[in-house]
>>> print(open('run.txt').read())   # compact mmCIF, C-alpha atoms and all ligand atoms
# COMPACT_ATOMS: atom_id res chain seq x y z
CA SER A 7 2.67 -110.57 57.22
CA LEU A 8 2.04 -108.48 54.11
CA VAL A 9 1.91 -104.75 54.78
CA SER A 10 0.12 -101.85 53.12
CA SER A 11 2.42 -100.09 50.67
CA THR A 12 1.18 -96.63 51.70
CA PRO A 13 3.64 -95.96 54.55
CA LEU A 14 6.51 -97.49 52.55
CA LEU A 15 5.82 -95.17 49.64
CA VAL A 16 5.28 -92.10 51.82
CA GLU A 17 8.70 -92.70 53.36
CA ALA A 18 10.22 -93.26 49.90
CA ARG A 19 8.87 -89.98 48.57
CA LYS A 20 10.01 -88.17 51.71
CA GLN A 21 13.55 -89.54 51.42
CA GLY A 22 13.69 -89.33 47.62
CA TYR A 23 14.10 -92.96 46.65
CA GLY A 24 11.86 -95.29 44.66
CA ILE A 25 10.47 -98.71 45.58
CA VAL A 26 10.33 -101.15 42.68
CA ALA A 27 7.04 -102.98 42.08
CA PHE A 28 7.67 -106.14 40.09
CA ASN A 29 4.94 -107.84 38.08
CA VAL A 30 5.34 -111.56 38.75
CA HIS A 31 3.71 -114.36 36.79
CA THR A 32 5.03 -117.53 38.41
CA LEU A 33 6.09 -118.75 41.84
CA GLU A 34 9.72 -118.72 40.72
CA MET A 35 9.56 -115.08 39.64
CA LEU A 36 8.00 -114.17 42.97
CA GLN A 37 10.70 -116.04 44.90
CA ALA A 38 13.46 -114.45 42.86
CA VAL A 39 12.38 -110.86 43.55
CA VAL A 40 11.80 -111.68 47.23
CA ASP A 41 15.35 -113.07 47.42
CA ALA A 42 16.68 -109.91 45.82
CA ALA A 43 14.79 -107.72 48.31
CA ALA A 44 15.94 -109.74 51.32
CA GLU A 45 19.55 -109.76 50.19
CA SER A 46 19.66 -106.03 49.48
CA ARG A 47 17.43 -105.00 52.41
CA SER A 48 14.90 -103.34 50.12
CA PRO A 49 11.21 -102.76 50.77
CA LEU A 50 9.31 -104.70 48.10
CA ILE A 51 6.04 -104.51 46.20
CA LEU A 52 4.94 -107.71 44.47
CA GLN A 53 2.27 -107.10 41.89
CA THR A 54 0.04 -109.09 39.59
CA THR A 55 -2.18 -107.96 36.74
CA VAL A 56 -5.76 -109.12 36.31
CA GLY A 57 -4.52 -111.59 33.69
CA THR A 58 -2.18 -113.18 36.23
CA VAL A 59 -4.95 -113.32 38.83
CA LYS A 60 -6.95 -115.31 36.29
CA HIS A 61 -3.95 -117.45 35.39
CA LEU A 62 -2.82 -118.38 38.92
CA GLY A 63 -5.87 -117.73 41.11
CA ILE A 64 -6.17 -115.19 43.93
CA ASP A 65 -5.61 -117.63 46.78
CA TYR A 66 -2.44 -119.14 45.31
CA ILE A 67 -0.99 -115.66 44.78
CA VAL A 68 -1.91 -114.42 48.25
CA GLY A 69 -0.66 -117.70 49.78
CA ALA A 70 2.72 -117.41 48.08
CA ALA A 71 3.09 -113.71 48.92
CA GLN A 72 2.16 -114.33 52.56
CA ALA A 73 4.68 -117.16 52.76
CA ALA A 74 7.32 -114.76 51.44
CA ALA A 75 6.35 -112.04 53.92
CA LYS A 76 6.54 -114.49 56.81
CA GLN A 77 10.10 -115.54 55.96
CA ALA A 78 11.61 -112.32 54.70
CA SER A 79 12.82 -109.72 57.17
CA VAL A 80 11.91 -106.83 54.82
CA PRO A 81 8.44 -105.30 54.38
CA ILE A 82 6.50 -106.78 51.45
CA ALA A 83 3.23 -105.50 49.95
CA LEU A 84 1.02 -107.29 47.42
CA HIS A 85 -0.55 -105.06 44.77
CA LEU A 86 -3.24 -105.63 42.13
CA ASP A 87 -2.09 -103.82 38.97
CA HIS A 88 -4.37 -102.03 36.42
CA CYS A 89 -7.78 -103.31 37.50
CA GLN A 90 -10.98 -101.86 36.06
CA ASP A 91 -13.32 -104.25 37.84
CA PHE A 92 -14.63 -103.08 41.22
CA ASP A 93 -15.79 -106.58 42.24
CA LEU A 94 -12.39 -108.12 41.55
CA ILE A 95 -10.76 -105.34 43.57
CA LEU A 96 -13.06 -106.18 46.51
CA GLN A 97 -12.27 -109.88 46.18
CA CYS A 98 -8.53 -109.25 46.15
CA MET A 99 -8.67 -106.91 49.13
CA ARG A 100 -10.68 -109.44 51.13
CA ALA A 101 -8.32 -112.26 50.14
CA GLY A 102 -5.23 -110.43 51.42
CA TYR A 103 -3.92 -108.00 48.76
CA THR A 104 -2.56 -104.95 50.61
CA SER A 105 -2.69 -102.54 47.67
CA VAL A 106 -4.91 -102.15 44.60
CA MET A 107 -4.96 -100.05 41.45
CA ILE A 108 -8.31 -98.84 40.18
CA ASP A 109 -7.60 -97.94 36.57
CA GLN A 110 -10.28 -95.71 35.08
CA SER A 111 -7.82 -93.76 32.95
CA MET A 112 -9.81 -94.67 29.85
CA HIS A 113 -12.91 -92.91 31.23
CA PRO A 114 -13.73 -89.24 31.77
CA PHE A 115 -12.35 -87.45 34.86
CA GLU A 116 -15.68 -87.49 36.76
CA ARG A 117 -16.11 -91.23 36.41
CA ASN A 118 -12.50 -91.81 37.41
CA VAL A 119 -13.11 -89.68 40.54
CA GLU A 120 -16.32 -91.50 41.41
CA MET A 121 -14.91 -95.03 41.06
CA THR A 122 -11.65 -94.19 42.79
CA ARG A 123 -13.51 -92.63 45.68
CA LYS A 124 -15.57 -95.81 46.10
CA VAL A 125 -12.44 -97.98 46.19
CA VAL A 126 -10.65 -95.61 48.59
CA GLU A 127 -13.55 -95.80 51.01
CA VAL A 128 -13.46 -99.61 51.25
CA ALA A 129 -9.66 -99.78 51.18
CA ARG A 130 -9.32 -97.36 54.07
CA ALA A 131 -11.37 -99.64 56.31
CA LEU A 132 -9.15 -102.59 55.36
CA ASN A 133 -5.84 -100.69 55.60
CA VAL A 134 -5.15 -101.29 51.91
CA ASN A 135 -3.26 -98.86 49.65
CA VAL A 136 -4.96 -97.49 46.51
CA GLU A 137 -3.40 -96.26 43.27
CA ALA A 138 -5.24 -94.47 40.45
CA GLU A 139 -4.11 -93.24 37.04
CA LEU A 140 -4.60 -89.88 35.35
CA GLY A 141 -3.85 -89.41 31.68
CA LYS A 142 -3.24 -92.53 29.61
CA VAL A 143 0.03 -94.49 29.68
CA GLY A 144 0.81 -95.78 26.18
CA GLY A 145 1.53 -99.36 25.12
CA VAL A 146 -0.04 -102.69 26.04
CA GLU A 147 -0.54 -104.19 29.49
CA ASP A 148 -2.71 -107.33 29.43
CA ASP A 149 -6.03 -106.27 27.81
CA ILE A 150 -5.42 -102.56 28.33
CA ARG A 151 -4.11 -101.28 25.02
CA VAL A 152 -3.40 -97.64 24.24
CA GLU A 153 -2.51 -97.18 20.57
CA ASP A 154 0.35 -94.93 19.45
CA GLY A 155 -0.88 -91.35 19.39
CA MET A 156 -3.74 -92.09 21.80
CA GLU A 157 -1.71 -91.68 24.98
CA THR A 158 -2.40 -88.48 26.92
CA LEU A 159 -0.36 -86.80 29.64
CA ALA A 160 -1.79 -86.04 33.06
CA ASP A 161 -2.83 -82.46 33.68
CA PRO A 162 -1.16 -81.13 36.87
CA GLU A 163 -4.18 -79.13 38.02
CA GLU A 164 -6.43 -82.17 37.46
CA CYS A 165 -4.00 -84.23 39.54
CA ARG A 166 -4.39 -81.80 42.43
CA ARG A 167 -8.19 -81.83 42.19
CA PHE A 168 -8.26 -85.62 41.78
CA VAL A 169 -6.29 -86.28 44.96
CA GLU A 170 -8.34 -83.73 46.85
CA LEU A 171 -11.69 -85.20 45.66
CA THR A 172 -10.80 -88.88 46.09
CA GLY A 173 -8.34 -88.97 48.98
CA VAL A 174 -6.34 -91.51 46.94
CA PRO A 175 -3.07 -92.24 48.77
CA THR A 176 -0.91 -92.81 45.63
CA LEU A 177 -1.20 -91.40 42.11
CA ALA A 178 0.10 -92.62 38.74
CA PRO A 179 0.18 -89.63 36.37
CA ALA A 180 0.97 -90.37 32.72
CA ILE A 181 4.08 -88.32 31.93
CA GLY A 182 5.36 -89.90 28.71
CA THR A 183 6.38 -93.45 29.62
CA ALA A 184 4.74 -96.52 28.06
CA HIS A 185 4.21 -100.20 28.82
CA GLY A 186 6.59 -102.54 27.00
CA ILE A 187 10.00 -101.78 25.53
CA TYR A 188 10.39 -98.41 23.76
CA LYS A 189 11.11 -98.23 20.06
CA GLY A 190 13.52 -95.38 20.67
CA GLU A 191 13.80 -93.50 23.93
CA PRO A 192 10.77 -92.53 25.99
CA ASN A 193 9.73 -88.91 25.74
CA ILE A 194 9.40 -88.08 29.42
CA ASP A 195 7.99 -84.70 30.39
CA PHE A 196 10.15 -83.96 33.43
CA ALA A 197 8.79 -80.44 33.89
CA ARG A 198 5.34 -81.95 34.16
CA ILE A 199 6.44 -84.41 36.85
CA GLU A 200 7.91 -81.51 38.79
CA GLU A 201 4.73 -79.49 38.44
CA ILE A 202 2.54 -82.41 39.52
CA ALA A 203 4.81 -83.15 42.48
CA GLY A 204 4.48 -79.51 43.50
CA LYS A 205 0.70 -79.77 43.61
CA VAL A 206 0.32 -83.28 45.00
CA ALA A 207 1.93 -84.44 48.24
CA VAL A 208 1.15 -88.16 47.86
CA PRO A 209 3.76 -90.58 46.45
CA LEU A 210 3.73 -90.71 42.63
CA VAL A 211 3.93 -93.92 40.61
CA LEU A 212 5.98 -94.42 37.44
CA HIS A 213 4.41 -96.91 35.03
CA GLY A 214 6.21 -98.36 32.04
CA GLY A 215 9.49 -98.86 33.94
CA SER A 216 10.99 -101.29 31.41
CA GLY A 217 13.38 -99.73 28.94
CA ILE A 218 13.75 -96.27 30.52
CA PRO A 219 17.41 -95.16 30.37
CA GLU A 220 18.99 -95.23 33.84
CA GLY A 221 19.64 -91.51 34.11
CA GLN A 222 16.00 -90.79 33.30
CA VAL A 223 14.78 -93.26 35.95
CA ARG A 224 16.95 -91.50 38.54
CA ARG A 225 15.59 -88.14 37.50
CA CYS A 226 11.97 -89.35 37.75
CA VAL A 227 12.63 -90.75 41.23
CA SER A 228 14.32 -87.56 42.40
CA LEU A 229 11.27 -85.58 41.26
CA GLY A 230 8.80 -87.60 43.36
CA MET A 231 8.18 -90.91 41.62
CA ALA A 232 8.27 -93.15 44.70
CA LYS A 233 7.20 -96.40 42.99
CA MET A 234 8.41 -97.77 39.67
CA ASN A 235 6.56 -100.61 37.96
CA VAL A 236 8.64 -103.17 36.09
CA ALA A 237 6.86 -105.89 34.11
CA THR A 238 8.14 -106.46 30.58
CA GLU A 239 11.91 -106.60 31.22
CA LEU A 240 11.48 -109.13 34.03
CA LYS A 241 9.06 -111.31 32.07
CA ASN A 242 11.31 -111.27 29.01
CA ALA A 243 14.43 -112.11 31.04
CA PHE A 244 12.64 -115.04 32.67
CA SER A 245 11.34 -116.40 29.36
CA LEU A 246 14.61 -115.89 27.49
CA SER A 247 16.48 -117.79 30.18
CA LEU A 248 14.11 -120.74 29.71
CA GLN A 249 14.52 -120.49 25.96
CA GLU A 250 18.32 -120.57 26.33
CA SER A 251 18.18 -123.53 28.69
CA PHE A 252 16.11 -125.56 26.25
CA THR A 253 18.29 -124.62 23.31
CA ALA A 254 21.52 -125.39 25.14
CA ASN A 255 20.30 -128.60 26.65
CA PRO A 256 17.14 -130.02 25.04
CA ALA A 257 17.42 -133.26 27.00
CA GLU A 258 17.20 -131.51 30.38
CA LEU A 259 13.51 -131.84 31.23
CA ASP A 260 13.66 -131.27 34.96
CA PRO A 261 11.88 -127.99 35.86
CA ARG A 262 14.09 -127.65 38.94
CA SER A 263 17.08 -127.31 36.67
CA TYR A 264 15.86 -124.77 34.11
CA MET A 265 13.78 -122.86 36.67
CA ALA A 266 16.81 -122.44 38.92
CA ALA A 267 18.65 -120.78 36.05
CA ALA A 268 15.70 -118.50 35.29
CA LYS A 269 15.39 -117.52 38.95
CA LYS A 270 19.02 -116.39 39.01
CA VAL A 271 18.47 -114.17 35.99
CA VAL A 272 15.33 -112.60 37.47
CA LYS A 273 17.02 -112.04 40.83
CA ARG A 274 19.99 -110.30 39.21
CA MET A 275 17.70 -108.00 37.24
CA ALA A 276 15.61 -107.22 40.34
CA LEU A 277 18.76 -106.24 42.25
CA GLU A 278 19.80 -103.91 39.43
CA LYS A 279 16.41 -102.17 39.39
CA MET A 280 16.41 -101.77 43.17
CA GLN A 281 19.90 -100.26 43.12
CA LEU A 282 18.84 -97.93 40.32
CA CYS A 283 15.84 -96.66 42.31
CA GLY A 284 17.89 -96.27 45.48
CA CYS A 285 15.76 -98.46 47.75
CA THR A 286 18.52 -100.90 48.75
CA GLY A 287 19.38 -100.69 52.42
CA LYS A 288 16.11 -98.88 53.17
CA ALA A 289 14.39 -101.83 54.87
P1 LIG A 301 6.66 -102.14 31.61
O1 LIG A 301 5.87 -103.03 30.70
O2 LIG A 301 7.34 -101.04 30.89
O3 LIG A 301 7.56 -102.91 32.50
O4 LIG A 301 5.58 -101.40 32.56
C1 LIG A 301 5.13 -102.01 33.73
C2 LIG A 301 3.90 -101.39 34.30
O5 LIG A 301 3.68 -100.20 34.25
C3 LIG A 301 2.98 -102.30 34.98
O6 LIG A 301 1.85 -101.63 35.45
ZN ZN A 302 1.27 -99.93 34.27
NA NA A 303 8.25 -99.51 29.36
>>> encode(input="run.txt", output="C-alpha cells")
Amino acid sequence: SLVSSTPLLVEARKQGYGIVAFNVHTLEMLQAVVDAAAESRSPLILQTTVGTVKHLGIDYIVGAAQAAAKQASVPIALHLDHCQDFDLILQCMRAGYTSVMIDQSMHPFERNVEMTRKVVEVARALNVNVEAELGKVGGVEDDIRVEDGMETLADPEECRRFVELTGVPTLAPAIGTAHGIYKGEPNIDFARIEEIAGKVAVPLVLHGGSGIPEGQVRRCVSLGMAKMNVATELKNAFSLSLQESFTANPAELDPRSYMAAAKKVVKRMALEKMQLCGCTGKA
C-alpha cells in the first residue's frame, strides 16, 4: 500500500540522495513513472496539483496510485502539491493521500505557521507527511502565479523558527528555482541552501526541478535537498510525443497506440531524473 514519504525522505537526506516527485496528469503518466521506479529500484513520490485533483477526481487518483503500490515492489507515496485549501487537504488525507503540501507562501510568516501547524496536527494522527514552503518560488504552477521580480528567497533563520514552531516534517525553502522552464539558467543561491540545511534537520524540497542544469541539481541534492519536484518537463514530453504521433500518422486514432509511445518517452525521462538525483537502487 501507499506509504508516508517522511521516512523515505529522512533516509534520502541522511544518505545524501534525492527522491524525485513527479507531477502526473493522466493514468499513462502515472504508470510510466511507476514503471521507471520499479525497473530502477527507486523510491517514488507521485504527486498531483489541485488542478489535477479537479480534473481527474480524488478517488480515481488514489485508486490508481494504490493499484500501483500494490503491484510495485518499491515504496510509493502519493502527494498533494501546492494546496492552499485546508478542506481539500483533509479530503485528500482521508481518501488515501500519504503526503500533502500546505502552501501559504503567499501569506505572512505568522499565518503560514498557524495553517501549517493545523495541517501537521491532523496529518500526524493519520501518518501523513506534510510539506510547507517559505519564501516564494517564481513562475506558474496551476493557479499559483509569482510574477518575475516578485519571488523571494527563504530566510534561513525563519526556516529554523518555522520548523520549530510547526513541527513540519519536510520544508521547501525558495532558493532561486522557479516553476516552468527557465529563460536562461536558474540563479540558485547555494550558500543559502547550505545555511538552511545547517539550521534545519528535516529533509528539504527542491521545487521547480524542470530545466535546472544537471550539475546544479546534483549540488542541491548534496546540500540537503532530499526531494525534487518535476512537473513541466514531464508534461511537455508527454504532450510533444502525442503531437508527434498525430503529425507522423494522422490516421492512427487508437489511443493504445499513441499512448504507448508517450508512455515510453515519459518513462525514459523519469529514469534520467532518478539517476540524476541518485535514488536508483535505493529501494
Ligand atoms: P517545474 O515546473 O519546474 O517542473 O516545477 C515542479 C514543481 O515544483 C511542482 O511543485
Ligand atoms: Zn512547486
Ligand atoms: Na523549473
>>> residues_around(input="run.txt", residues="stretch 154-158 of chain A", least_positions_apart="4", cutoff="10 Å", atoms="all atoms listed in the file", output="PDB file with C-alpha atoms, in the frame of the given file")
ATOM      1  CA  SER A 111      -7.820 -93.760  32.950  1.00  0.00           C
ATOM      2  CA  MET A 112      -9.810 -94.670  29.850  1.00  0.00           C
ATOM      3  CA  LEU A 140      -4.600 -89.880  35.350  1.00  0.00           C
ATOM      4  CA  GLY A 141      -3.850 -89.410  31.680  1.00  0.00           C
ATOM      5  CA  LYS A 142      -3.240 -92.530  29.610  1.00  0.00           C
ATOM      6  CA  VAL A 143       0.030 -94.490  29.680  1.00  0.00           C
ATOM      7  CA  GLY A 144       0.810 -95.780  26.180  1.00  0.00           C
ATOM      8  CA  GLY A 145       1.530 -99.360  25.120  1.00  0.00           C
ATOM      9  CA  PRO A 179       0.180 -89.630  36.370  1.00  0.00           C
ATOM     10  CA  ALA A 180       0.970 -90.370  32.720  1.00  0.00           C
ATOM     11  CA  ILE A 181       4.080 -88.320  31.930  1.00  0.00           C
ATOM     12  CA  GLY A 182       5.360 -89.900  28.710  1.00  0.00           C
ATOM     13  CA  THR A 183       6.380 -93.450  29.620  1.00  0.00           C
ATOM     14  CA  ALA A 184       4.740 -96.520  28.060  1.00  0.00           C
TER      15      ALA A 184
END
>>> atom_distance(input="run.txt", atom1="atom CA of A:Leu177", atom2="atom CA of A:Ala101")
23.5 Å
>>> closest_atom_pairs(input="run.txt", of="chain A", to="ligand NA 303 (chain A)", cutoff="12 Å", atoms="only C-alpha atoms and all ligand atoms", output="CSV")
residue,atom,partner,partner_atom,distance
A:Val143,CA,A:NA303,NA,9.6
A:Gly144,CA,A:NA303,NA,8.9
A:Gly145,CA,A:NA303,NA,7.9
A:Val146,CA,A:NA303,NA,9.5
A:Glu147,CA,A:NA303,NA,10.0
A:Gly182,CA,A:NA303,NA,10.1
A:Thr183,CA,A:NA303,NA,6.3
A:Ala184,CA,A:NA303,NA,4.8
A:His185,CA,A:NA303,NA,4.1
A:Gly186,CA,A:NA303,NA,4.2
A:Ile187,CA,A:NA303,NA,4.8
A:Tyr188,CA,A:NA303,NA,6.1
A:Lys189,CA,A:NA303,NA,9.8
A:Gly190,CA,A:NA303,NA,11.0
A:Glu191,CA,A:NA303,NA,9.8
A:Pro192,CA,A:NA303,NA,8.2
A:Asn193,CA,A:NA303,NA,11.3
A:Ile194,CA,A:NA303,NA,11.5
A:Leu212,CA,A:NA303,NA,9.8
A:His213,CA,A:NA303,NA,7.3
A:Gly214,CA,A:NA303,NA,3.6
A:Gly215,CA,A:NA303,NA,4.8
A:Ser216,CA,A:NA303,NA,3.9
A:Gly217,CA,A:NA303,NA,5.2
A:Ile218,CA,A:NA303,NA,6.5
A:Pro219,CA,A:NA303,NA,10.2
A:Val223,CA,A:NA303,NA,11.2
A:Met234,CA,A:NA303,NA,10.5
A:Asn235,CA,A:NA303,NA,8.8
A:Val236,CA,A:NA303,NA,7.7
A:Ala237,CA,A:NA303,NA,8.1
A:Thr238,CA,A:NA303,NA,7.1
A:Glu239,CA,A:NA303,NA,8.2
A:Leu240,CA,A:NA303,NA,11.2
>>> closest_residue(input="run.txt", among="A:Arg100, A:Arg166, A:His85, A:Lys279", to="ligand ZN 302 (chain A)", atoms="all atoms listed in the file")
A:His85
>>> residues_around(input="run.txt", residues="A:Ala207", least_positions_apart="3", cutoff="10 Å", atoms="all atoms listed in the file", output="JSON, numbers by chain")
{"A": [16, 19, 20, 166, 169, 175, 176, 177, 202, 203, 204, 210, 230]}
>>> atom_distance(input="run.txt", atom1="atom CA of A:Lys288", atom2="atom CA of A:Ala75")
16.4 Å
>>> atom_distance(input="run.txt", atom1="atom CA of A:Phe92", atom2="atom CA of A:Met121")
8.1 Å
>>> residues_around(input="run.txt", residues="A:Lys205", least_positions_apart="6", cutoff="8 Å", atoms="only C-alpha atoms", output="list of chain:residue names")
A:Pro162, A:Glu163, A:Cys165, A:Arg166
>>> closest_residue(input="run.txt", among="A:Lys269, A:Arg274, A:Lys233, A:Arg198", to="A:Ala160", atoms="all atoms listed in the file")
A:Arg198
>>> residues_around(input="run.txt", residues="stretch 58-63 of chain A", least_positions_apart="3", cutoff="8 Å", atoms="all atoms listed in the file", output="list of chain:residue names")
A:His31, A:Thr32, A:Thr54, A:Thr55, A:Tyr66, A:Ile67
>>> closest_residue(input="run.txt", among="A:Val56, A:Leu282, A:Ser7, A:Ser263", to="A:Arg225", atoms="all atoms listed in the file")
A:Leu282
>>> residues_around(input="run.txt", residues="A:Ser251", least_positions_apart="6", cutoff="12 Å", atoms="all atoms listed in the file", output="list in words")
Phe244, Ser245, Ala257, Glu258, Leu259, Asp260, Pro261, Arg262, Ser263, Tyr264, Met265, Ala266, Ala267, Ala268 and Val271 of chain A
>>> closest_residue(input="run.txt", among="A:Ala78, A:Ile95, A:Leu229, A:Val174", to="A:Ile199", atoms="only C-alpha atoms")
A:Leu229
>>> closest_residue(input="run.txt", among="A:Gly102, A:Tyr23, A:Val152, A:Gln72", to="ligand ZN 302 (chain A)", atoms="all atoms listed in the file")
A:Val152
>>> closest_residue(input="run.txt", among="A:Val126, A:Met35, A:Cys89, A:Leu50", to="ligand LIG 301 (chain A)", atoms="only C-alpha atoms and all ligand atoms")
A:Cys89
>>> axis_aligned_box(input="run.txt", around="stretch 179-188 of chain A", padding_each_side="5 Å", output="lines of an AutoDock Vina configuration file")
center_x = 5.3
center_y = -95.4
center_z = 30.1
size_x = 20.2
size_y = 24.2
size_z = 22.6
>>> residues_near_point(input="run.txt", point="(12.9, -115.3, 43.7)", cutoff="10 Å", atoms="only C-alpha atoms", output="VMD selection string")
chain A and resid 30 32 to 44 74 266 268 to 274 276
